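Have a look at input.txt; it's compact mmCIF, C-alpha atoms:
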# COMPACT_ATOMS: atom_id res chain seq x y z
CA MET A 1 118.85 215.75 105.38
CA ASP A 2 116.81 213.25 103.59
CA ARG A 3 117.62 209.68 102.87
CA ARG A 4 115.06 209.68 100.09
CA LEU A 5 117.67 211.50 98.01
CA ILE A 6 119.30 208.12 97.65
CA ILE A 7 116.34 206.71 95.77
CA GLU A 8 116.87 208.74 92.63
CA HIS A 9 120.33 207.23 92.30
CA ILE A 10 119.12 203.64 92.35
CA PRO A 11 118.91 203.26 88.55
CA ARG A 12 122.52 204.27 88.12
CA LEU A 13 123.66 202.05 90.95
CA ARG A 14 121.86 199.19 89.24
CA ARG A 15 123.48 199.96 85.90
CA TYR A 16 126.94 199.94 87.42
CA ALA A 17 126.28 196.82 89.50
CA ARG A 18 124.89 194.98 86.48
CA ALA A 19 128.00 195.67 84.45
CA LEU A 20 130.24 194.93 87.39
CA VAL A 21 128.88 191.54 88.40
CA GLY A 22 126.95 190.49 85.29
CA ASP A 23 124.12 188.54 86.78
CA ARG A 24 120.97 190.58 87.29
CA TYR A 25 120.05 189.09 90.65
CA VAL A 26 123.54 189.18 92.07
CA ALA A 27 123.72 192.79 90.89
CA ASP A 28 120.49 193.75 92.62
CA ASP A 29 121.73 192.07 95.79
CA LEU A 30 124.80 194.25 95.58
CA VAL A 31 122.59 197.30 95.14
CA GLN A 32 120.47 196.27 98.08
CA ASP A 33 123.46 195.79 100.37
CA THR A 34 124.77 199.14 99.19
CA LEU A 35 121.48 200.87 99.92
CA GLU A 36 121.25 199.36 103.38
CA ARG A 37 124.73 200.47 104.21
CA ALA A 38 124.13 203.91 102.75
CA TRP A 39 120.96 204.19 104.75
CA ASN A 40 122.70 203.32 107.99
CA LYS A 41 125.68 205.51 107.27
CA PHE A 42 123.84 208.45 105.78
CA TYR A 43 124.98 210.70 108.59
CA LEU A 44 128.49 210.36 107.12
CA TRP A 45 127.45 211.96 103.87
CA ARG A 46 128.26 215.67 103.73
CA PRO A 47 125.26 217.54 102.35
CA GLY A 48 126.27 219.42 99.23
CA SER A 49 128.91 216.86 98.25
CA ASP A 50 128.33 214.46 95.40
CA LEU A 51 125.87 211.89 96.70
CA ARG A 52 126.28 209.71 93.66
CA ALA A 53 130.06 209.47 94.10
CA TRP A 54 129.51 208.67 97.76
CA LEU A 55 127.12 205.86 96.86
CA PHE A 56 129.59 204.45 94.36
CA THR A 57 132.22 204.46 97.08
CA ILE A 58 129.92 202.46 99.32
CA MET A 59 129.13 200.06 96.51
CA HIS A 60 132.83 199.61 95.88
CA ASN A 61 133.42 198.75 99.54
CA VAL A 62 130.52 196.32 99.65
CA PHE A 63 131.69 194.74 96.40
CA VAL A 64 135.26 194.35 97.64
CA ASN A 65 134.09 192.77 100.89
CA GLN A 66 131.82 190.37 99.07
CA ALA A 67 134.55 189.59 96.58
CA ARG A 68 136.89 188.76 99.42
CA ARG A 69 134.38 186.28 100.75
CA ARG A 70 133.71 184.90 97.30
CA ARG A 71 137.28 184.90 96.09
CA TYR A 72 137.16 181.22 95.43
CA GLU A 73 134.10 181.49 93.23
CA ILE A 74 135.56 184.40 91.34
CA GLU A 75 138.85 182.67 90.71
CA GLN A 76 136.99 179.69 89.48
CA ALA A 77 134.96 181.83 87.14
CA MET A 78 138.12 183.45 85.86
CA ASP A 79 139.61 180.06 85.05
CA GLU A 80 136.62 179.25 82.93
CA MET A 81 136.97 182.48 81.02
CA PRO A 82 138.05 181.84 77.45
CA ALA A 83 140.97 183.96 76.32
CA VAL A 84 138.88 185.43 73.55
CA ALA A 85 135.15 185.80 73.47
CA VAL A 86 134.22 183.49 70.67
CA ARG A 87 131.30 185.14 69.00
CA ALA A 88 132.72 188.61 69.23
CA THR A 89 135.47 187.78 66.79
CA GLN A 90 133.22 186.42 64.11
CA GLY A 91 132.02 189.71 62.73
CA GLU A 92 128.60 189.36 64.30
CA HIS A 93 126.97 192.00 66.41
CA LEU A 94 127.87 191.58 70.00
CA GLU A 95 125.22 190.28 72.32
CA LEU A 96 124.90 191.38 75.91
CA GLU A 97 126.08 188.01 77.11
CA ASP A 98 129.24 188.39 75.03
CA VAL A 99 129.92 191.75 76.59
CA ASP A 100 129.29 190.30 80.03
CA ARG A 101 131.68 187.49 79.31
CA VAL A 102 134.35 189.83 77.99
CA LEU A 103 134.06 191.98 81.10
CA ARG A 104 134.55 188.91 83.26
CA GLY A 105 137.91 188.61 81.52
CA LEU A 106 139.14 191.69 83.34
CA SER A 107 140.25 191.64 86.93
CA ALA A 108 137.65 193.13 89.26
CA GLU A 109 139.92 196.13 89.77
CA GLN A 110 140.25 196.79 86.07
CA ARG A 111 136.53 196.26 85.54
CA GLU A 112 135.61 198.80 88.19
CA VAL A 113 137.83 201.46 86.67
CA VAL A 114 136.80 200.97 83.09
CA LEU A 115 133.09 200.91 83.99
CA LEU A 116 133.26 203.99 86.20
CA VAL A 117 135.03 205.84 83.40
CA ALA A 118 133.21 204.51 80.36
CA VAL A 119 129.68 203.86 81.61
CA GLU A 120 129.33 206.10 84.64
CA GLN A 121 131.53 208.76 83.06
CA LEU A 122 133.19 209.76 86.29
CA THR A 123 136.33 211.84 85.97
CA TYR A 124 139.62 210.12 86.79
CA GLU A 125 139.75 212.22 89.92
CA GLN A 126 136.31 210.95 91.00
CA VAL A 127 137.32 207.38 90.26
CA SER A 128 140.44 207.84 92.35
CA ARG A 129 138.35 209.04 95.29
CA THR A 130 135.64 206.43 94.81
CA LEU A 131 138.07 203.53 94.84
CA ASP A 132 140.45 205.21 97.27
CA VAL A 133 143.51 204.62 95.10
CA PRO A 134 145.99 207.15 93.68
CA ILE A 135 145.18 208.61 90.31
CA GLY A 136 148.27 206.94 88.83
CA THR A 137 146.79 203.59 89.81
CA VAL A 138 143.50 204.54 88.18
CA MET A 139 145.33 205.38 84.95
CA SER A 140 147.38 202.21 84.89
CA ARG A 141 144.32 200.04 85.58
CA LEU A 142 142.37 201.88 82.92
CA SER A 143 145.15 201.44 80.44
CA ARG A 144 145.48 197.74 81.12
CA ALA A 145 141.72 197.21 81.15
CA ARG A 146 141.28 198.85 77.76
CA GLU A 147 144.11 196.93 76.23
CA ARG A 148 142.77 193.68 77.62
CA LEU A 149 139.30 194.49 76.31
CA ARG A 150 140.79 195.21 72.92
CA GLN A 151 142.43 191.79 72.90
CA LEU A 152 139.30 190.05 74.10
CA LEU A 153 137.14 191.77 71.56
CA GLY A 154 139.51 190.92 68.76
CA SER A 155 141.95 193.67 67.96
CA GLN A 156 141.95 193.24 64.22
CA ALA A 157 138.33 193.93 63.49
CA VAL A 158 136.44 197.04 64.38
CA MET A 159 133.07 195.83 65.50
CA PRO A 160 130.12 197.27 63.61
CA LEU A 161 128.11 198.44 66.54
CA LYS A 162 124.71 199.85 66.46
CA VAL A 163 124.45 202.29 69.29
CA VAL A 164 121.03 201.98 70.76
CA LYS A 165 119.78 204.57 73.20
CA MET B 1 154.63 221.04 72.53
CA LYS B 2 154.74 218.83 75.62
CA PRO B 3 155.31 215.12 75.12
CA VAL B 4 152.02 213.24 74.83
CA THR B 5 151.45 210.78 77.69
CA GLU B 6 149.28 207.70 77.87
CA ALA B 7 147.11 209.60 80.37
CA ASP B 8 146.60 212.39 77.81
CA LEU B 9 145.44 209.83 75.30
CA HIS B 10 142.89 208.38 77.70
CA SER B 11 141.66 211.87 78.59
CA TYR B 12 141.23 212.48 74.89
CA VAL B 13 139.11 209.34 74.53
CA ASP B 14 137.02 210.23 77.58
CA GLY B 15 136.41 213.81 76.51
CA GLY B 16 138.32 215.28 79.44
CA LEU B 17 140.45 217.72 77.42
CA SER B 18 140.08 221.36 76.51
CA GLU B 19 139.60 222.20 72.83
CA SER B 20 143.21 223.26 72.41
CA ALA B 21 144.60 220.17 74.15
CA LYS B 22 142.28 218.04 72.05
CA ALA B 23 143.59 219.62 68.85
CA GLU B 24 147.16 218.93 69.94
CA ILE B 25 146.41 215.27 70.60
CA GLU B 26 144.65 214.95 67.27
CA ALA B 27 147.69 216.38 65.51
CA TRP B 28 149.90 213.96 67.38
CA LEU B 29 147.65 211.01 66.55
CA ARG B 30 147.85 211.83 62.85
CA ALA B 31 151.56 211.18 63.11
CA HIS B 32 151.05 208.00 65.17
CA PRO B 33 148.54 205.84 63.34
CA GLU B 34 148.89 202.83 65.65
CA ASP B 35 147.97 204.89 68.67
CA ALA B 36 145.21 206.54 66.67
CA GLU B 37 143.76 203.11 65.94
CA ARG B 38 144.09 202.13 69.57
CA MET B 39 142.25 205.25 70.73
CA ARG B 40 139.53 204.61 68.20
CA ALA B 41 139.10 201.13 69.65
CA TYR B 42 138.92 202.56 73.18
CA ALA B 43 136.29 205.09 72.14
CA GLU B 44 134.30 202.26 70.65
CA GLN B 45 134.59 200.32 73.88
CA ASN B 46 133.06 203.30 75.67
CA ALA B 47 130.21 203.50 73.20
CA MET B 48 129.66 199.76 73.32
CA LEU B 49 129.58 199.55 77.11
CA ARG B 50 127.17 202.47 77.36
CA SER B 51 124.89 201.04 74.71
CA PHE B 52 124.70 197.70 76.48
CA TYR B 53 124.24 198.91 80.03
CA ASN B 54 122.31 202.18 79.64
CA PRO B 55 119.02 200.30 79.15
CA VAL B 56 119.24 199.26 82.82
CA LEU B 57 118.43 202.90 83.64
CA ASP B 58 115.01 202.50 82.07
CA GLU B 59 114.09 199.30 83.88
CA PRO B 60 111.59 199.71 86.68
CA VAL B 61 113.34 199.62 90.04
CA PRO B 62 112.43 196.45 91.96
CA ALA B 63 110.19 197.13 94.92
CA ALA B 64 112.63 195.34 97.21
CA LEU B 65 115.20 198.04 96.56
CA LEU B 66 112.76 200.86 97.13
CA ALA B 67 111.74 199.26 100.40
CA VAL B 68 115.25 199.26 101.87
CA HIS B 69 114.78 202.30 104.05
CA GLN B 70 111.44 201.11 105.26
CA ARG B 71 112.98 197.81 106.32
CA ALA B 72 115.85 199.56 108.02
CA TRP B 73 113.43 201.30 110.39
CA GLN B 74 111.69 198.04 111.08
CA ARG B 75 115.02 196.55 112.00
CA TYR B 76 115.69 199.30 114.50
CA ALA B 77 112.27 198.80 115.97
CA ALA B 78 112.72 195.04 116.15
CA ALA B 79 116.09 195.43 117.83
CA ALA B 80 114.67 197.79 120.39
CA ALA B 81 111.82 195.37 121.04
CA ILE B 82 114.18 192.48 121.58
CA PHE B 83 116.22 194.52 123.98
CA THR B 84 113.14 195.51 125.89
CA ALA B 85 112.19 191.88 126.13
CA GLY B 86 115.50 191.41 127.87
CA ILE B 87 116.92 188.89 125.48
CA GLY B 88 119.80 191.00 124.31
CA LEU B 89 120.79 188.54 121.63
CA GLY B 90 120.38 188.36 117.91
CA TRP B 91 120.79 191.55 116.02
CA PHE B 92 119.29 191.48 112.58
CA ALA B 93 122.06 193.23 110.72
CA ARG B 94 123.69 190.65 108.52
CA GLY B 95 127.30 189.81 109.05
CA GLU B 96 127.57 191.44 112.45
CA PHE B 97 128.94 189.52 115.36
CA VAL B 98 126.54 189.04 118.17
CA ALA B 99 128.87 189.81 121.04
CA PRO B 100 129.70 193.46 120.23
CA GLN B 101 126.02 194.12 119.73
CA VAL B 102 125.29 192.91 123.23
CA VAL B 103 127.96 195.23 124.56
CA GLN B 104 126.44 198.06 122.59
CA LEU B 105 122.92 197.37 123.71
CA SER B 106 124.04 197.48 127.28
CA PHE B 107 125.97 200.63 126.43
CA ALA B 108 122.71 202.24 125.31
CA ARG B 109 121.15 201.09 128.54
CA GLN B 110 123.95 202.56 130.64
CA ALA B 111 123.51 205.86 128.86
CA ALA B 112 119.74 205.78 129.27
CA THR B 113 120.10 204.96 132.95
CA ALA B 114 122.46 207.89 133.49
CA HIS B 115 119.99 210.09 131.67
CA ILE B 116 117.09 208.92 133.82
CA VAL B 117 119.06 209.48 136.99
CA TYR B 118 120.46 212.92 136.26
CA ALA B 119 118.13 214.62 133.78
CA PRO B 120 115.27 215.16 136.30
CA GLU B 121 117.68 216.55 138.87
CA VAL B 122 116.69 220.13 139.66
CA ARG B 123 119.26 221.35 142.15
CA HIS B 124 122.36 219.40 141.15
CA PRO B 125 122.00 218.23 137.57
CA VAL B 126 125.72 218.63 136.94
CA GLU B 127 128.95 218.68 138.88
CA VAL B 128 130.59 221.43 136.86
CA PRO B 129 128.34 224.09 135.30
CA ALA B 130 128.63 225.39 131.75
CA SER B 131 130.04 228.65 133.06
CA GLU B 132 133.22 226.66 133.67
CA GLU B 133 133.08 224.85 130.35
CA ALA B 134 136.83 224.96 129.64
CA HIS B 135 137.57 223.48 133.04
CA LEU B 136 134.81 220.88 132.63
CA VAL B 137 136.02 219.72 129.23
CA GLY B 138 139.66 219.66 130.32
CA TRP B 139 138.88 217.71 133.44
CA LEU B 140 136.67 215.10 131.73
CA SER B 141 139.15 214.75 128.85
CA LYS B 142 141.88 213.96 131.32
CA ARG B 143 139.82 211.44 133.26
CA VAL B 144 138.32 209.66 130.25
CA GLY B 145 141.61 209.67 128.40
CA THR B 146 140.82 211.42 125.14
CA THR B 147 140.37 214.98 123.97
CA LEU B 148 136.69 215.64 124.42
CA LYS B 149 134.59 218.43 123.05
CA ALA B 150 131.25 219.60 124.32
CA PRO B 151 129.24 219.90 121.11
CA LYS B 152 127.66 223.28 120.46
CA LEU B 153 123.94 222.70 120.19
CA ALA B 154 122.72 226.28 120.61
CA PRO B 155 121.62 226.48 116.95
CA LEU B 156 119.22 223.64 117.76
CA GLY B 157 118.02 225.42 120.86
CA TYR B 158 120.01 223.41 123.41
CA ASP B 159 122.47 225.11 125.73
CA LEU B 160 125.10 223.28 127.72
CA VAL B 161 124.07 222.93 131.36
CA GLY B 162 127.37 221.35 132.33
CA GLY B 163 128.69 217.90 132.99
CA ARG B 164 129.87 215.33 135.42
CA LEU B 165 132.14 212.37 135.76
CA LEU B 166 130.43 209.01 136.11
CA SER B 167 131.64 205.53 136.73
CA GLY B 168 130.77 202.97 134.04
CA PRO B 169 131.62 199.32 133.46
CA GLN B 170 134.58 200.39 131.29
CA GLY B 171 135.83 203.04 133.71
CA PRO B 172 135.29 206.79 133.75
CA VAL B 173 132.42 208.23 131.77
CA ALA B 174 132.03 211.84 130.64
CA HIS B 175 128.44 213.03 130.92
CA PHE B 176 127.35 216.30 129.32
CA MET B 177 123.92 217.76 129.83
CA TYR B 178 122.01 220.16 127.58
CA GLN B 179 118.70 221.92 128.02
CA ASP B 180 116.35 223.86 125.80
CA GLY B 181 114.11 226.82 126.63
CA ARG B 182 111.31 224.53 127.80
CA GLY B 183 113.53 222.56 130.14
CA GLN B 184 113.80 219.54 127.83
CA ARG B 185 117.13 217.85 128.57
CA LEU B 186 119.57 215.85 126.50
CA THR B 187 122.61 214.03 127.75
CA LEU B 188 125.74 212.88 125.95
CA TYR B 189 127.47 209.89 127.47
CA VAL B 190 131.07 209.19 126.39
CA SER B 191 132.94 206.13 127.50
CA ARG B 192 135.95 204.11 126.49
CA GLN B 193 135.06 200.80 124.81
CA ARG B 194 136.59 197.43 125.37
CA GLY B 195 138.36 195.60 122.58
CA GLU B 196 139.77 196.63 119.25
CA PRO B 197 139.12 200.13 117.94
CA ARG B 198 136.24 200.10 115.48
CA ASP B 199 133.54 202.29 114.09
CA THR B 200 129.86 201.56 113.96
CA ALA B 201 126.93 203.15 112.29
CA PHE B 202 124.35 205.07 114.27
CA ARG B 203 122.18 202.77 116.25
CA PHE B 204 118.98 203.51 117.99
CA SER B 205 117.54 202.11 121.15
CA GLN B 206 114.36 202.97 122.95
CA GLU B 207 114.75 202.52 126.71
CA ASP B 208 111.29 203.10 128.10
CA ARG B 209 110.66 206.80 127.53
CA VAL B 210 114.26 207.56 126.71
CA SER B 211 115.44 207.47 123.10
CA VAL B 212 119.13 206.77 122.63
CA PHE B 213 121.27 207.15 119.53
CA TYR B 214 124.68 205.65 120.00
CA TRP B 215 127.75 204.85 117.99
CA VAL B 216 131.34 203.73 118.47
CA ASP B 217 134.16 205.72 117.02
CA GLY B 218 137.56 204.09 117.49
CA ASN B 219 138.00 203.35 121.18
CA PHE B 220 135.10 205.46 122.40
CA GLY B 221 131.39 204.99 122.54
CA TYR B 222 129.01 207.92 122.36
CA ALA B 223 125.36 207.92 123.30
CA LEU B 224 122.92 210.77 123.07
CA SER B 225 119.80 210.34 125.17
CA GLY B 226 116.62 212.32 125.47
CA GLU B 227 112.97 211.88 126.22
CA MET B 228 111.79 212.75 122.78
CA ARG B 229 110.78 211.18 119.51
CA ARG B 230 113.41 209.34 117.59
CA ASP B 231 113.36 211.71 114.61
CA GLN B 232 113.79 214.75 116.85
CA LEU B 233 116.70 213.15 118.65
CA LEU B 234 118.21 212.01 115.37
CA GLN B 235 118.50 215.63 114.21
CA VAL B 236 120.55 216.46 117.28
CA ALA B 237 122.56 213.24 117.10
CA GLU B 238 123.63 214.04 113.57
CA VAL B 239 124.85 217.47 114.59
CA VAL B 240 126.71 216.00 117.56
CA TYR B 241 128.31 213.40 115.35
CA LYS B 242 129.43 215.94 112.79
CA GLN B 243 130.93 218.21 115.40
CA LEU B 244 132.85 215.38 117.00
CA ASN B 245 134.04 214.12 113.61
CA PRO B 246 134.80 217.24 111.60
In structure tokens, what does this structure look like?
Amino acid sequence: MDRRLIIEHIPRLRRYARALVGDRYVADDLVQDTLERAWNKFYLWRPGSDLRAWLFTIMHNVFVNQARRRRYEIEQAMDEMPAVAVRATQGEHLELEDVDRVLRGLSAEQREVVLLVAVEQLTYEQVSRTLDVPIGTVMSRLSRARERLRQLLGSQAVMPLKVVK
Amino acid sequence: MKPVTEADLHSYVDGGLSESAKAEIEAWLRAHPEDAERMRAYAEQNAMLRSFYNPVLDEPVPAALLAVHQRAWQRYAAAAAIFTAGIGLGWFARGEFVAPQVVQLSFARQAATAHIVYAPEVRHPVEVPASEEAHLVGWLSKRVGTTLKAPKLAPLGYDLVGGRLLSGPQGPVAHFMYQDGRGQRLTLYVSRQRGEPRDTAFRFSQEDRVSVFYWVDGNFGYALSGEMRRDQLLQVAEVVYKQLNP
């Protein structure tokens, strides 16, 4: 049993955290808290099971706890969220900050689901286990998140996106 | 053909369908252009989100994140040092209350003390020998007030010597002793904890020559003590933990 296994998952934890919270430094703080917790609780991980899914579960718990403490800040941020991301509807290429802003327009619960599915490409079953909610809840959050994103991105126009690797 | 559900449509977008199921959905979407458009938008959301966040994977990982496990050891060491200095206050883990930590530190000390008292005992190390294991476990379970198990540590080279009932600050304590082929002894100290049920992570304390790993699981505290290096004891502690929490 080797805690160093965790290290190879750090880039993916950072990717998810970045999309989840937006700000790079806040995201790395989330990763750091997740790693510390994972380190201390590593004995709970069953060797042979999916370490990455386990780490995402921990990150989810840390995120939820932090969000509870920061509820006020989050609600405030939500209030400032424009209904529609301005630049995204003007036929321009999206910028990262637009995408960040659009994601902030989802509830944290919706954002988690859509990012775990779309970016982390977890199965619905894995998302259900990671977030500890029934699969039906995963599907309804996913459905609402995607519809909300579609509104925020401007439903009429299909964005010309260059997919960069 | 089965009715197409919203969940099927999302599975289609996320590539979670078999070829045949995919073909069915595609046929259905041809007859439902609005949904087809919606699914196209969802697929583009996927592509967009990946394209914006995948570059994070290629960023160098900040050193602070790589150093987490190094710091975690330092924290254990610092905590042990503070305890040794007799202060017993101020745990470094963020967001932890001080009071339960003090209880736990003294819990580690109780366990270490029991180890120091009984482990060197040659003639009467235990009250009930391992040959009467079922009786021992039943008796201690009844006195401590929970269903105990004596972990099986033979694969690690430790056989059960037996156990005894001790008196601790929180009442009865179950004390199991193990020994390897060279006479190296380990003891497991199990005691009810005051306050609300809770779980803690593994914690480590060095009490003079005795290393102690301890944790709280619900209403009970467990401490494994031995005169050995921390990493050696950790191996055993992990096995003990897994057996007690299958």
With a cut-off of 9 Å, could you pull out the residues of chain B touching chain A and give me the nearest pair of atoms for each, distance in Å to one decimal, using all atoms listed in the file, ordered by chain and ascending number, as a tab-separated table?
residue	atom	partner	partner_atom	distance
B:Glu6	CA	A:Ser143	CA	7.9
B:Ala7	CA	A:Met139	CA	6.5
B:His10	CA	A:Ser143	CA	7.8
B:Ser11	CA	A:Tyr124	CA	8.6
B:Asp14	CA	A:Ala118	CA	7.4
B:Gly16	CA	A:Thr123	CA	7.6
B:Arg38	CA	A:Arg150	CA	8.4
B:Ala41	CA	A:Arg150	CA	7.0
B:Tyr42	CA	A:Arg146	CA	6.3
B:Ala43	CA	A:Ala118	CA	8.8
B:Glu44	CA	A:Met159	CA	8.3
B:Gln45	CA	A:Ala118	CA	7.8
B:Asn46	CA	A:Ala118	CA	4.8
B:Ala47	CA	A:Val163	CA	7.1
B:Met48	CA	A:Val163	CA	7.1
B:Leu49	CA	A:Val119	CA	6.2
B:Arg50	CA	A:Val119	CA	5.1
B:Ser51	CA	A:Val163	CA	5.6
B:Phe52	CA	A:Leu96	CA	6.3
B:Tyr53	CA	A:Arg15	CA	6.0
B:Asn54	CA	A:Arg15	CA	6.7
B:Pro55	CA	A:Lys165	CA	7.4
B:Val56	CA	A:Arg15	CA	5.3
B:Leu57	CA	A:Pro11	CA	4.9
B:Asp58	CA	A:Pro11	CA	7.6
B:Glu59	CA	A:Pro11	CA	7.8
B:Pro60	CA	A:Pro11	CA	8.3
B:Val61	CA	A:Pro11	CA	6.8
B:Pro62	CA	A:Asp28	CA	8.5
B:Ala64	CA	A:Gln32	CA	7.9
B:Leu65	CA	A:Gln32	CA	5.8
B:Leu66	CA	A:Ile7	CA	7.0
B:Val68	CA	A:Glu36	CA	6.2
B:His69	CA	A:Trp39	CA	6.5
B:Arg71	CA	A:Glu36	CA	8.9
B:Ala72	CA	A:Glu36	CA	7.1
B:Thr200	CA	A:Lys41	CA	8.8
B:Ala201	CA	A:Lys41	CA	5.7
B:Phe202	CA	A:Asn40	CA	6.7
B:Arg203	CA	A:Asn40	CA	8.3
B:Gln235	CA	A:Met1	CA	8.8
B:Glu238	CA	A:Tyr43	CA	6.1
B:Tyr241	CA	A:Tyr43	CA	8.0
B:Lys242	CA	A:Leu44	CA	8.0
Students should find that CA of Tyr158 in chain B and CA of Leu186 in chain B are spaced 8.2 Å
Counting all atoms listed in the file, what is within 7 Å of Ser205 in chain B, bar same-chain residues fewer than 4 positions away, as a PDB file with C-alpha atoms, in the frame of the given file?
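What ended up in part28.pdb:
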ATOM      1  CA  ALA B  80     114.670 197.790 120.390  1.00  0.00           C
ATOM      2  CA  ALA B 108     122.710 202.240 125.310  1.00  0.00           C
ATOM      3  CA  SER B 211     115.440 207.470 123.100  1.00  0.00           C
ATOM      4  CA  VAL B 212     119.130 206.770 122.630  1.00  0.00           C
ATOM      5  CA  PHE B 213     121.270 207.150 119.530  1.00  0.00           C
TER       6      PHE B 213
END
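With only C-alpha atoms as the atoms that count, the residue of B:Leu9, B:Leu224, B:His135, B:Arg143 with the shortest distance to Val239 in chain B is B:Leu224.
For the pair CA of Asp50 in chain A and CA of Gln126 in chain A, the interatomic distance is 9.8 Å.
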Min atom-atom distance to Ala150 in chain B from the set B:Glu34, B:Ala130, B:Gly168, B:Leu233, counting only C-alpha atoms, belongs to B:Ala130
Worksheet item: Which polymer residues have any atom within 12 Å of an atom of His124 in chain B, counting all atoms listed in the file, with same-chain residues fewer than 6 positions away left out, as a ChimeraX atom specification?
Response: /B:117-118,161-164,177
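Of note, CA of Leu148 in chain B and CA of Pro172 in chain B are spaced 12.9 Å apart.
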### Task
Fewer than 5 positions away in the same chain doesn't count, so skip those; otherwise give me all residues within 8 Å of Ala174 in chain B, counting all atoms listed in the file, as a PyMOL selection string.
chain B and resi 140-141+144+163-166+188-191
Judged by only C-alpha atoms, the minimum distance to Pro129 in chain B among B:Ala114, B:Ala237, B:Tyr178, B:Val173 is found for B:Tyr178
